[in-house]
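**Q** Coordinates in query31.cif, mmCIF, C-alpha atoms, are listed below.
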data_model
#
loop_
_atom_site.label_atom_id
_atom_site.label_comp_id
_atom_site.auth_asym_id
_atom_site.auth_seq_id
_atom_site.Cartn_x
_atom_site.Cartn_y
_atom_site.Cartn_z
CA MET A 19 82.96 135.37 200.10
CA GLN A 20 82.98 133.32 203.28
CA LEU A 21 81.89 130.33 201.21
CA ILE A 22 84.84 130.68 198.86
CA GLN A 23 87.22 130.96 201.77
CA ASN A 24 85.76 127.83 203.35
CA ILE A 25 86.14 125.88 200.07
CA TRP A 26 89.68 127.11 199.47
CA ALA A 27 90.57 126.17 203.04
CA LYS A 28 89.83 122.55 202.23
CA ASN A 29 92.85 120.95 200.59
CA ASN A 30 90.91 118.54 198.33
CA TYR A 31 88.74 121.30 196.87
CA ARG A 32 91.75 123.50 196.30
CA ILE A 33 93.61 120.78 194.29
CA ALA A 34 90.50 120.01 192.18
CA LEU A 35 90.07 123.69 191.31
CA LEU A 36 93.71 123.95 190.23
CA ILE A 37 93.44 120.86 188.01
CA ALA A 38 90.20 122.11 186.39
CA GLY A 39 91.81 125.44 185.64
CA ALA A 40 94.85 123.81 184.06
CA ILE A 41 92.68 121.64 181.84
CA SER A 42 90.65 124.65 180.70
CA LEU A 43 93.79 126.60 179.80
CA TRP A 44 95.12 123.59 177.80
CA LEU A 45 91.89 123.24 175.83
CA LEU A 46 91.76 126.94 175.03
CA SER A 47 95.39 126.90 173.78
CA GLY A 48 94.56 124.05 171.27
CA VAL A 49 91.68 126.00 169.77
CA PHE A 50 93.80 129.07 169.14
CA ALA A 51 96.72 127.00 167.76
CA GLY A 52 94.39 125.18 165.29
CA GLU A 53 93.14 128.45 163.92
CA ASP A 54 96.70 129.64 163.39
CA SER A 55 97.81 126.43 161.56
CA THR A 56 94.76 126.54 159.29
CA GLN A 57 95.62 130.07 158.35
CA VAL A 58 99.22 129.01 157.56
CA VAL A 59 98.10 126.11 155.31
CA ASP A 60 95.61 128.29 153.48
CA ALA A 61 98.28 130.90 152.96
CA SER A 62 100.73 128.33 151.58
CA LYS A 63 98.13 127.16 149.03
CA GLU A 64 97.61 130.64 147.78
CA VAL A 65 101.28 131.43 147.15
CA VAL A 66 102.29 128.32 145.04
CA PRO A 67 102.88 129.65 141.44
CA LEU A 68 102.03 127.76 138.20
CA THR A 69 104.92 126.37 136.14
CA LYS A 70 105.83 128.43 133.10
CA VAL A 71 106.42 126.65 129.76
CA LYS A 72 106.84 127.58 126.11
CA ALA A 73 104.69 125.91 123.47
CA ARG A 74 104.20 125.99 119.72
CA TYR A 75 101.28 125.04 117.48
CA VAL A 76 102.21 122.25 115.06
CA SER A 77 100.11 120.86 112.22
CA ALA A 78 100.09 117.40 110.65
CA GLN A 79 101.53 116.97 107.16
CA THR A 80 101.34 114.20 104.58
CA TYR A 81 104.26 111.84 105.04
CA PRO A 82 105.10 109.07 102.54
CA VAL A 83 105.49 105.73 104.32
CA THR A 84 108.46 103.72 103.05
CA VAL A 85 109.21 100.10 103.89
CA ALA A 86 112.99 99.68 104.20
CA ILE A 87 114.36 96.31 103.05
CA ARG A 88 117.92 95.05 103.12
CA ALA A 89 118.45 93.51 99.69
CA ARG A 90 120.92 92.48 97.01
CA THR A 91 121.03 92.60 93.23
CA GLU A 92 120.55 89.47 91.13
CA ALA A 93 120.50 88.60 87.45
CA ASN A 94 117.11 88.29 85.81
CA ARG A 95 118.26 84.92 84.46
CA ASP A 96 121.38 82.90 85.29
CA VAL A 97 121.96 79.86 83.07
CA ASP A 98 124.77 77.32 82.76
CA VAL A 99 124.99 76.57 79.02
CA ARG A 100 125.90 72.89 78.62
CA ALA A 101 127.13 70.73 75.76
CA GLU A 102 124.59 68.43 74.12
CA VAL A 103 127.25 66.36 72.37
CA SER A 104 130.79 65.39 73.27
CA GLY A 105 133.86 66.68 71.49
CA ARG A 106 137.04 68.72 71.56
CA ILE A 107 136.75 72.51 71.79
CA ILE A 108 138.14 74.27 68.71
CA GLY A 109 136.64 77.75 69.18
CA LEU A 110 135.62 80.22 71.91
CA PRO A 111 134.35 83.29 70.02
CA VAL A 112 133.28 85.25 73.14
CA ALA A 113 135.63 86.11 76.00
CA LYS A 114 134.60 86.10 79.65
CA GLY A 115 132.66 89.27 80.40
CA GLY A 116 131.65 89.72 76.78
CA GLN A 117 128.10 90.52 75.78
CA VAL A 118 126.16 88.19 73.51
CA GLU A 119 122.87 88.17 71.67
CA ALA A 120 120.47 85.25 71.57
CA GLY A 121 121.90 82.62 69.17
CA ASP A 122 125.53 83.79 69.27
CA ILE A 123 128.11 80.99 69.35
CA ILE A 124 129.96 80.86 72.66
CA CYS A 125 131.69 77.44 72.29
CA GLU A 126 132.45 75.38 69.17
CA LEU A 127 133.33 71.68 69.16
CA ALA A 128 135.13 69.74 66.46
CA ALA A 129 132.74 68.21 63.91
CA GLU A 130 134.94 65.12 63.54
CA ASP A 131 133.07 62.53 61.40
CA ARG A 132 129.64 64.01 61.98
CA ALA A 133 129.47 65.41 58.43
CA LEU A 134 130.26 61.98 57.02
CA ARG A 135 127.61 60.33 59.13
CA LEU A 136 125.13 62.98 57.98
CA ALA A 137 125.95 62.18 54.32
CA GLU A 138 125.56 58.47 55.07
CA ALA A 139 122.13 59.12 56.61
CA GLU A 140 121.08 61.19 53.58
CA SER A 141 122.07 58.33 51.24
CA LEU A 142 120.12 55.83 53.33
CA VAL A 143 117.04 58.04 53.13
CA ALA A 144 117.37 58.23 49.35
CA LYS A 145 117.67 54.42 49.06
CA THR A 146 114.72 53.66 51.33
CA GLN A 147 112.67 56.26 49.47
CA LEU A 148 113.33 54.41 46.19
CA ASP A 149 112.46 51.09 47.79
CA TYR A 150 109.19 52.48 49.10
CA ASP A 151 108.27 54.05 45.75
CA GLY A 152 108.99 50.74 43.97
CA ALA A 153 106.84 48.85 46.45
CA LEU A 154 103.97 51.21 45.75
CA ARG A 155 104.27 50.62 41.99
CA LEU A 156 104.25 46.86 42.50
CA LYS A 157 101.21 47.20 44.70
CA SER A 158 99.29 48.95 41.93
CA GLY A 159 100.02 45.92 39.66
CA GLY A 160 98.96 43.51 42.36
CA TYR A 161 102.47 42.16 42.87
CA GLN A 162 103.20 43.46 46.36
CA SER A 163 101.49 42.65 49.64
CA ARG A 164 100.35 45.18 52.20
CA THR A 165 102.88 43.79 54.66
CA ALA A 166 105.76 44.48 52.31
CA ILE A 167 104.50 48.01 51.72
CA ALA A 168 104.33 48.65 55.48
CA GLY A 169 107.89 47.30 55.92
CA ALA A 170 109.26 49.59 53.21
CA LYS A 171 107.55 52.59 54.75
CA ALA A 172 108.92 51.75 58.21
CA GLU A 173 112.47 51.52 56.82
CA LEU A 174 112.01 54.94 55.17
CA GLU A 175 110.79 56.57 58.39
CA THR A 176 113.66 55.04 60.35
CA ALA A 177 116.15 56.42 57.84
CA LYS A 178 114.57 59.87 58.08
CA ALA A 179 114.76 59.82 61.90
CA GLU A 180 118.41 58.85 61.76
CA LEU A 181 119.06 61.72 59.33
CA LYS A 182 117.42 64.12 61.77
CA ARG A 183 119.63 62.89 64.62
CA ARG A 184 122.74 63.32 62.48
CA GLN A 185 121.70 66.87 61.59
CA LEU A 186 121.15 67.72 65.30
CA ASP A 187 124.54 66.25 66.25
CA LEU A 188 126.26 68.39 63.65
CA ASN A 189 124.35 71.52 64.66
CA ASN A 190 125.04 70.98 68.36
CA VAL A 191 128.81 71.25 67.95
CA LYS A 192 128.13 74.99 67.99
CA ILE A 193 126.92 75.87 71.49
CA ARG A 194 124.83 79.07 71.34
CA ALA A 195 123.65 81.65 73.85
CA PRO A 196 120.00 81.03 74.85
CA PHE A 197 119.33 84.77 75.35
CA ALA A 198 121.03 88.14 75.23
CA GLY A 199 123.31 88.75 78.19
CA VAL A 200 126.85 88.59 79.53
CA VAL A 201 129.23 85.62 79.57
CA ASP A 202 130.06 85.62 83.27
CA LYS A 203 132.00 82.36 83.64
CA ARG A 204 133.73 80.07 81.14
CA PRO A 205 135.39 77.05 82.79
CA VAL A 206 136.83 75.59 79.54
CA GLU A 207 139.57 76.52 77.08
CA ILE A 208 140.41 75.59 73.49
CA GLY A 209 141.61 72.01 73.37
CA ASP A 210 139.55 70.79 76.32
CA PHE A 211 137.36 67.77 75.72
CA MET A 212 133.75 68.16 76.73
CA GLU A 213 131.37 65.38 77.55
CA ARG A 214 127.66 65.72 77.05
CA GLY A 215 126.30 67.85 79.95
CA ASP A 216 129.56 69.68 80.71
CA VAL A 217 129.30 73.46 81.25
CA CYS A 218 130.56 75.62 78.42
CA ALA A 219 129.77 78.99 80.01
CA THR A 220 127.46 80.82 82.43
CA VAL A 221 125.33 83.51 80.82
CA LEU A 222 123.62 86.24 82.87
CA ASP A 223 120.64 88.29 81.77
CA LEU A 224 121.10 91.62 83.57
CA ASP A 225 118.38 93.64 81.86
CA PRO A 226 116.31 94.08 83.87
CA LEU A 227 118.43 93.79 86.99
CA VAL A 228 116.50 92.24 89.87
CA ILE A 229 116.81 93.54 93.44
CA THR A 230 115.61 90.98 95.97
CA GLY A 231 114.95 91.12 99.69
CA ARG A 232 112.69 89.67 102.36
CA VAL A 233 109.95 91.42 104.36
CA SER A 234 108.18 90.47 107.56
CA GLU A 235 104.60 89.32 107.99
CA THR A 236 103.53 92.77 109.18
CA GLU A 237 104.94 94.53 106.09
CA VAL A 238 104.14 92.16 103.23
CA GLY A 239 100.58 93.51 102.93
CA LEU A 240 101.93 97.01 102.22
CA LEU A 241 103.74 95.94 99.03
CA PRO A 242 101.47 95.71 95.99
CA GLU A 243 102.79 94.10 92.82
CA GLY A 244 103.39 96.83 90.25
CA GLY A 245 104.21 99.42 92.91
CA GLN A 246 107.20 101.72 92.66
CA ALA A 247 110.43 101.24 94.60
CA SER A 248 113.87 102.82 94.84
CA ALA A 249 117.22 101.43 95.94
CA SER A 250 120.62 102.65 97.04
CA LEU A 251 123.39 100.31 95.96
CA LEU A 252 126.52 99.91 98.05
CA THR A 253 128.52 100.99 94.99
CA GLY A 254 126.80 104.40 95.10
CA GLU A 255 124.15 104.15 92.38
CA GLN A 256 120.57 105.26 93.01
CA VAL A 257 118.05 103.29 90.96
CA GLU A 258 114.29 102.98 90.66
CA GLY A 259 112.13 100.10 89.55
CA THR A 260 108.84 98.24 89.80
CA ILE A 261 107.76 95.47 92.17
CA ARG A 262 107.30 92.46 89.91
CA PHE A 263 106.83 89.69 92.47
CA VAL A 264 105.82 89.27 96.12
CA GLU A 265 106.03 85.75 97.47
CA HIS A 266 102.73 84.21 98.54
CA SER A 267 104.23 81.66 100.95
CA SER A 268 106.61 82.64 103.75
CA ASP A 269 109.89 80.97 104.56
CA PRO A 270 109.10 78.25 107.14
CA VAL A 271 112.07 79.27 109.32
CA THR A 272 112.17 83.08 109.17
CA ARG A 273 108.48 83.71 108.35
CA THR A 274 109.54 86.30 105.79
CA PHE A 275 108.44 86.81 102.18
CA ARG A 276 110.66 87.29 99.10
CA VAL A 277 110.20 90.53 97.17
CA GLU A 278 111.59 91.21 93.68
CA VAL A 279 112.00 94.65 92.13
CA ALA A 280 112.88 94.91 88.42
CA VAL A 281 115.25 97.78 87.56
CA PRO A 282 116.00 98.78 83.92
CA ASN A 283 119.65 98.11 83.05
CA PRO A 284 119.94 98.63 79.28
CA GLY A 285 123.73 98.94 79.23
CA GLN A 286 124.09 96.04 81.70
CA GLN A 287 126.52 98.17 83.71
CA LEU A 288 124.91 97.35 87.04
CA ARG A 289 126.25 94.10 88.45
CA SER A 290 124.70 91.14 90.20
CA GLY A 291 125.47 90.42 93.86
CA ILE A 292 125.70 94.03 95.13
CA THR A 293 124.29 94.85 98.58
CA ALA A 294 121.43 97.36 98.40
CA GLN A 295 118.98 99.22 100.62
CA LEU A 296 115.55 98.93 99.07
CA GLY A 297 112.81 101.43 99.84
CA VAL A 298 109.25 100.61 98.80
CA LYS A 299 106.54 103.25 98.88
CA ALA A 300 103.62 101.94 100.92
CA GLY A 301 101.16 104.83 101.06
CA GLU A 302 100.89 108.10 103.02
CA ILE A 303 100.02 109.02 106.61
CA ALA A 304 99.54 112.21 108.63
CA ALA A 305 102.67 112.94 110.68
CA HIS A 306 104.50 115.75 112.51
CA ARG A 307 108.19 116.56 112.42
CA VAL A 308 109.53 117.42 115.86
CA PRO A 309 112.96 117.79 117.49
CA SER A 310 114.07 114.44 118.87
CA ALA A 311 115.04 116.13 122.17
CA LEU A 312 111.35 116.64 122.99
CA LEU A 313 110.64 112.90 123.07
CA SER A 314 110.32 111.32 126.50
CA LEU A 315 109.12 108.11 128.15
CA ASP A 316 106.11 107.54 130.36
CA ASP A 317 105.99 105.23 133.39
CA GLU A 318 105.40 102.23 131.09
CA GLY A 319 108.40 103.04 128.90
CA LYS A 320 106.37 104.25 125.92
CA VAL A 321 107.71 107.07 123.73
CA GLY A 322 105.61 110.21 123.62
CA LEU A 323 105.34 114.00 123.69
CA ARG A 324 103.79 116.48 126.12
CA ILE A 325 101.12 118.75 124.68
CA LEU A 326 98.54 121.15 126.16
CA ASP A 327 94.76 120.91 125.95
CA GLY A 328 92.34 123.82 125.64
CA GLU A 329 92.62 124.60 129.38
CA HIS A 330 96.43 124.60 129.24
CA ARG A 331 96.71 121.36 131.13
CA VAL A 332 99.51 118.96 130.31
CA GLN A 333 98.77 115.75 128.39
CA PHE A 334 101.24 112.97 127.55
CA VAL A 335 100.53 111.48 124.11
CA THR A 336 102.28 108.31 122.96
CA VAL A 337 103.63 108.46 119.40
CA ASP A 338 105.24 106.19 116.82
CA ILE A 339 108.48 107.24 115.14
CA VAL A 340 107.90 106.74 111.41
CA GLY A 341 110.97 108.42 109.91
CA ASP A 342 114.20 110.30 110.46
CA HIS A 343 115.21 113.79 109.37
CA PRO A 344 118.42 115.82 109.80
CA GLN A 345 116.49 118.28 111.99
CA GLY A 346 114.41 115.84 113.99
CA VAL A 347 112.10 112.86 113.60
CA TRP A 348 108.73 112.24 112.02
CA VAL A 349 106.11 110.95 114.46
CA ALA A 350 102.52 109.75 114.15
CA GLY A 351 99.88 109.82 116.87
CA LEU A 352 99.49 113.53 117.68
CA PRO A 353 96.26 115.42 116.98
CA ASP A 354 96.24 117.13 113.58
CA ASN A 355 96.71 120.50 115.28
CA ALA A 356 98.57 120.20 118.56
CA LEU A 357 100.02 122.69 121.06
CA LEU A 358 103.43 121.14 121.68
CA ILE A 359 105.48 122.05 124.77
CA THR A 360 108.95 123.01 123.54
CA VAL A 361 110.55 124.40 126.75
CA GLY A 362 109.91 123.17 130.29
CA GLN A 363 108.42 119.77 129.42
CA GLU A 364 110.76 118.10 131.92
CA TYR A 365 109.26 119.97 134.87
CA VAL A 366 105.55 119.26 134.34
CA SER A 367 103.37 116.19 134.63
CA SER A 368 100.08 115.04 133.12
CA GLY A 369 97.03 116.97 134.33
CA GLU A 370 99.06 119.89 135.62
CA GLU A 371 97.91 123.40 134.69
CA VAL A 372 100.68 125.68 133.40
CA VAL A 373 101.32 129.22 132.26
CA VAL A 374 102.02 129.23 128.52
CA SER A 375 104.28 131.45 126.47
CA PHE A 376 103.31 130.95 122.82
CA GLU A 377 106.00 130.73 120.13
CA ASN A 378 103.46 131.16 117.32
CA GLN A 379 99.75 131.69 116.80
CA PRO A 380 97.06 129.12 115.97
CA GLY A 381 96.77 128.47 112.24
CA VAL A 382 100.27 129.73 111.47
CA ALA A 383 102.42 127.10 109.77
CA ALA A 384 105.28 126.06 111.99
CA THR A 385 107.80 125.75 109.19
CA GLN A 386 110.86 126.05 111.41
CA LEU A 387 109.76 123.12 113.54
CA THR A 388 107.84 120.88 111.17
CA GLY A 389 109.13 121.60 107.67
CA ALA A 390 108.00 119.67 104.62
CA PRO A 391 108.57 115.97 104.05
CA ASN A 392 111.55 115.05 101.90
#
Represent the structure of the file as structure tokens.
**A**
Amino acid sequence: MQLIQNIWAKNNYRIALLIAGAISLWLLSGVFAGEDSTQVVDASKEVVPLTKVKARYVSAQTYPVTVAIRARTEANRDVDVRAEVSGRIIGLPVAKGGQVEAGDIICELAAEDRALRLAEAESLVAKTQLDYDGALRLKSGGYQSRTAIAGAKAELETAKAELKRRQLDLNNVKIRAPFAGVVDKRPVEIGDFMERGDVCATVLDLDPLVITGRVSETEVGLLPEGGQASASLLTGEQVEGTIRFVEHSSDPVTRTFRVEVAVPNPGQQLRSGITAQLGVKAGEIAAHRVPSALLSLDDEGKVGLRILDGEHRVQFVTVDIVGDHPQGVWVAGLPDNALLITVGQEYVSSGEEVVVSFENQPGVAATQLTGAPN
């Protein structure tokens, strides 16, 4: 006790003892505070609840893939019928818009002196035929040379060729339709004079009607010749036809390929030059129909849906939109049987575990959400 009093009496010892005590108290307070903070953190981890979501099982269905092409209707054949001889028009048996059969007269020119020239050519053939026959008889008696015989034969053949030309000239005054179709344009009237090569009329062959469009490099391989196609015309008609031609060389500027679809048009009521939306069937894929409101974007801007795995953890799956529907969209890229988050998908992120409220059971067809392809 005397020793303690002696130490305490010394000022230096007394200050050192006070400092040591203060340091000890400060160290002890940090230990107890650390234990308390650890307990608070652990408690906070225990009380955080899992996010609640609703989900539904959806199954893939067969979806017909259709390539959409902006197109227009065209005539199967479009021909300007031209005069082969010159002359004045004396007859137009078919009015504009009228239907014709192959060989029907659509313009008639005046014969003028063509019949007389034909008769003259026939007489010349008869004369040269007699001269040739006489030369042959003289040859048999040894009175005619081979040169004279050859000359007579040449004159006969020349006369026959001239007769043929006269017959063609007379026949060509009647300008005929080259095929069955419709007289679409007729730029001449009775009394007009036509030179050789002038247009008498434009004839369209509208059966079959051809619907043409252009497809990109990525789609041309999906269009087999002979495949089926359908089209909606701007005038309201719905038609179906067969792919008859797919171009093998692309346009050097647009890099697109011409496609032709032949559509039956027996009454030739469908017209050329109408805008159309062409749909070509290009196979089938597995797809799901989902409400468009469930689609979202990931950090890279890709479209996708949030689904749950077997442990009820969130996964973001990118999808491709392959078709529209009045009640949603058709998408490809989901697993065949997927558990799709329908409520609460905005509040969860990939890898997060959630509490699930099921809207249906596994294996039950989700007809209200997916429906059947149209």
**Q** Which is closer to A:Ala166 than all the others in A:Ala294, A:Ala153, A:Gly369, A:Val71, using all atoms listed in the file?
**A**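 Of all the options, A:Ala153 lies closest to A:Ala166.
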**Q** Using the chain letters and numbering of this document, enumerate as a short mmCIF file (atom, residue, chain, number, x, y, z; two decimals) with C-alpha atoms, in the frame of the given file the residues selected by the PyMOL selection byres ((chain A and resi 92) around 8).
**A**
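Output saved as result-v1.cif:
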data_model
loop_
_atom_site.label_atom_id
_atom_site.label_comp_id
_atom_site.auth_asym_id
_atom_site.auth_seq_id
_atom_site.Cartn_x
_atom_site.Cartn_y
_atom_site.Cartn_z
CA ARG A 90 120.92 92.48 97.01
CA THR A 91 121.03 92.60 93.23
CA ALA A 93 120.50 88.60 87.45
CA ASN A 94 117.11 88.29 85.81
CA LEU A 224 121.10 91.62 83.57
CA LEU A 227 118.43 93.79 86.99
CA VAL A 228 116.50 92.24 89.87
CA ILE A 229 116.81 93.54 93.44
CA THR A 230 115.61 90.98 95.97
CA ARG A 289 126.25 94.10 88.45
CA SER A 290 124.70 91.14 90.20
CA GLY A 291 125.47 90.42 93.86
CA ILE A 292 125.70 94.03 95.13
#
**Q** Which residues, named as in the file, does the PyMOL selection byres ((chain A and resi 354) around 9) pick out? Answer as JSON, numbers by chain.
**A** {"A": [76, 77, 78, 79, 304, 305, 306, 351, 352, 353, 355, 356]}
**Q** Please save C-alpha atoms of the selected residues as a CSV table (one decimal), keeping the file's coordinate frame.
**A**
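Written file, out22.csv:
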chain,number,residue,atom,x,y,z
A,76,VAL,CA,102.2,122.2,115.1
A,77,SER,CA,100.1,120.9,112.2
A,78,ALA,CA,100.1,117.4,110.6
A,79,GLN,CA,101.5,117.0,107.2
A,304,ALA,CA,99.5,112.2,108.6
A,305,ALA,CA,102.7,112.9,110.7
A,306,HIS,CA,104.5,115.8,112.5
A,351,GLY,CA,99.9,109.8,116.9
A,352,LEU,CA,99.5,113.5,117.7
A,353,PRO,CA,96.3,115.4,117.0
A,355,ASN,CA,96.7,120.5,115.3
A,356,ALA,CA,98.6,120.2,118.6
**Q** Quick check on the file I pasted: which residues fall under the PyMOL selection byres ((chain A and resi 146) around 10)? Write them as a list in words.
**A**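 So the PyMOL selection byres ((chain A and resi 146) around 10), applied here, picks out Ser141, Leu142, Val143, Ala144, Lys145, Gln147, Leu148, Asp149, Tyr150, Asp151, Gly152, Ala170, Lys171, Ala172, Glu173, Leu174, Glu175, Thr176, Ala177 and Lys178 of chain A.
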**Q** With distances taken over only C-alpha atoms, which of A:Leu181, A:Leu186, A:Phe211, A:Ser158 is nearest to A:Ile108?
**A**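 That would be A:Phe211, the residue with the smallest distance to A:Ile108.
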**Q** At a cut-off of 7 Å around the point (107.1, 110.8, 114.7) (file coordinates), what residues fall inside when counting all atoms listed in the file? I'd like the answer as a PyMOL selection string.
**A** chain A and resi 305-307+337-341+347-350
**Q** Counting all atoms listed in the file, I want the residues whose atoms come within 9 Å of (120.6, 86.9, 80.1) in the file frame, returned as an NGL selection string.
**A** :A and (93-97 or 118-120 or 195-201 or 221-225)
**Q** So, counting all atoms listed in the file, which residue among A:Ser375, A:Gln363, A:Asp327, A:Thr272 is closest to A:Leu313?
**A**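 That would be A:Gln363, the residue with the smallest distance to A:Leu313.
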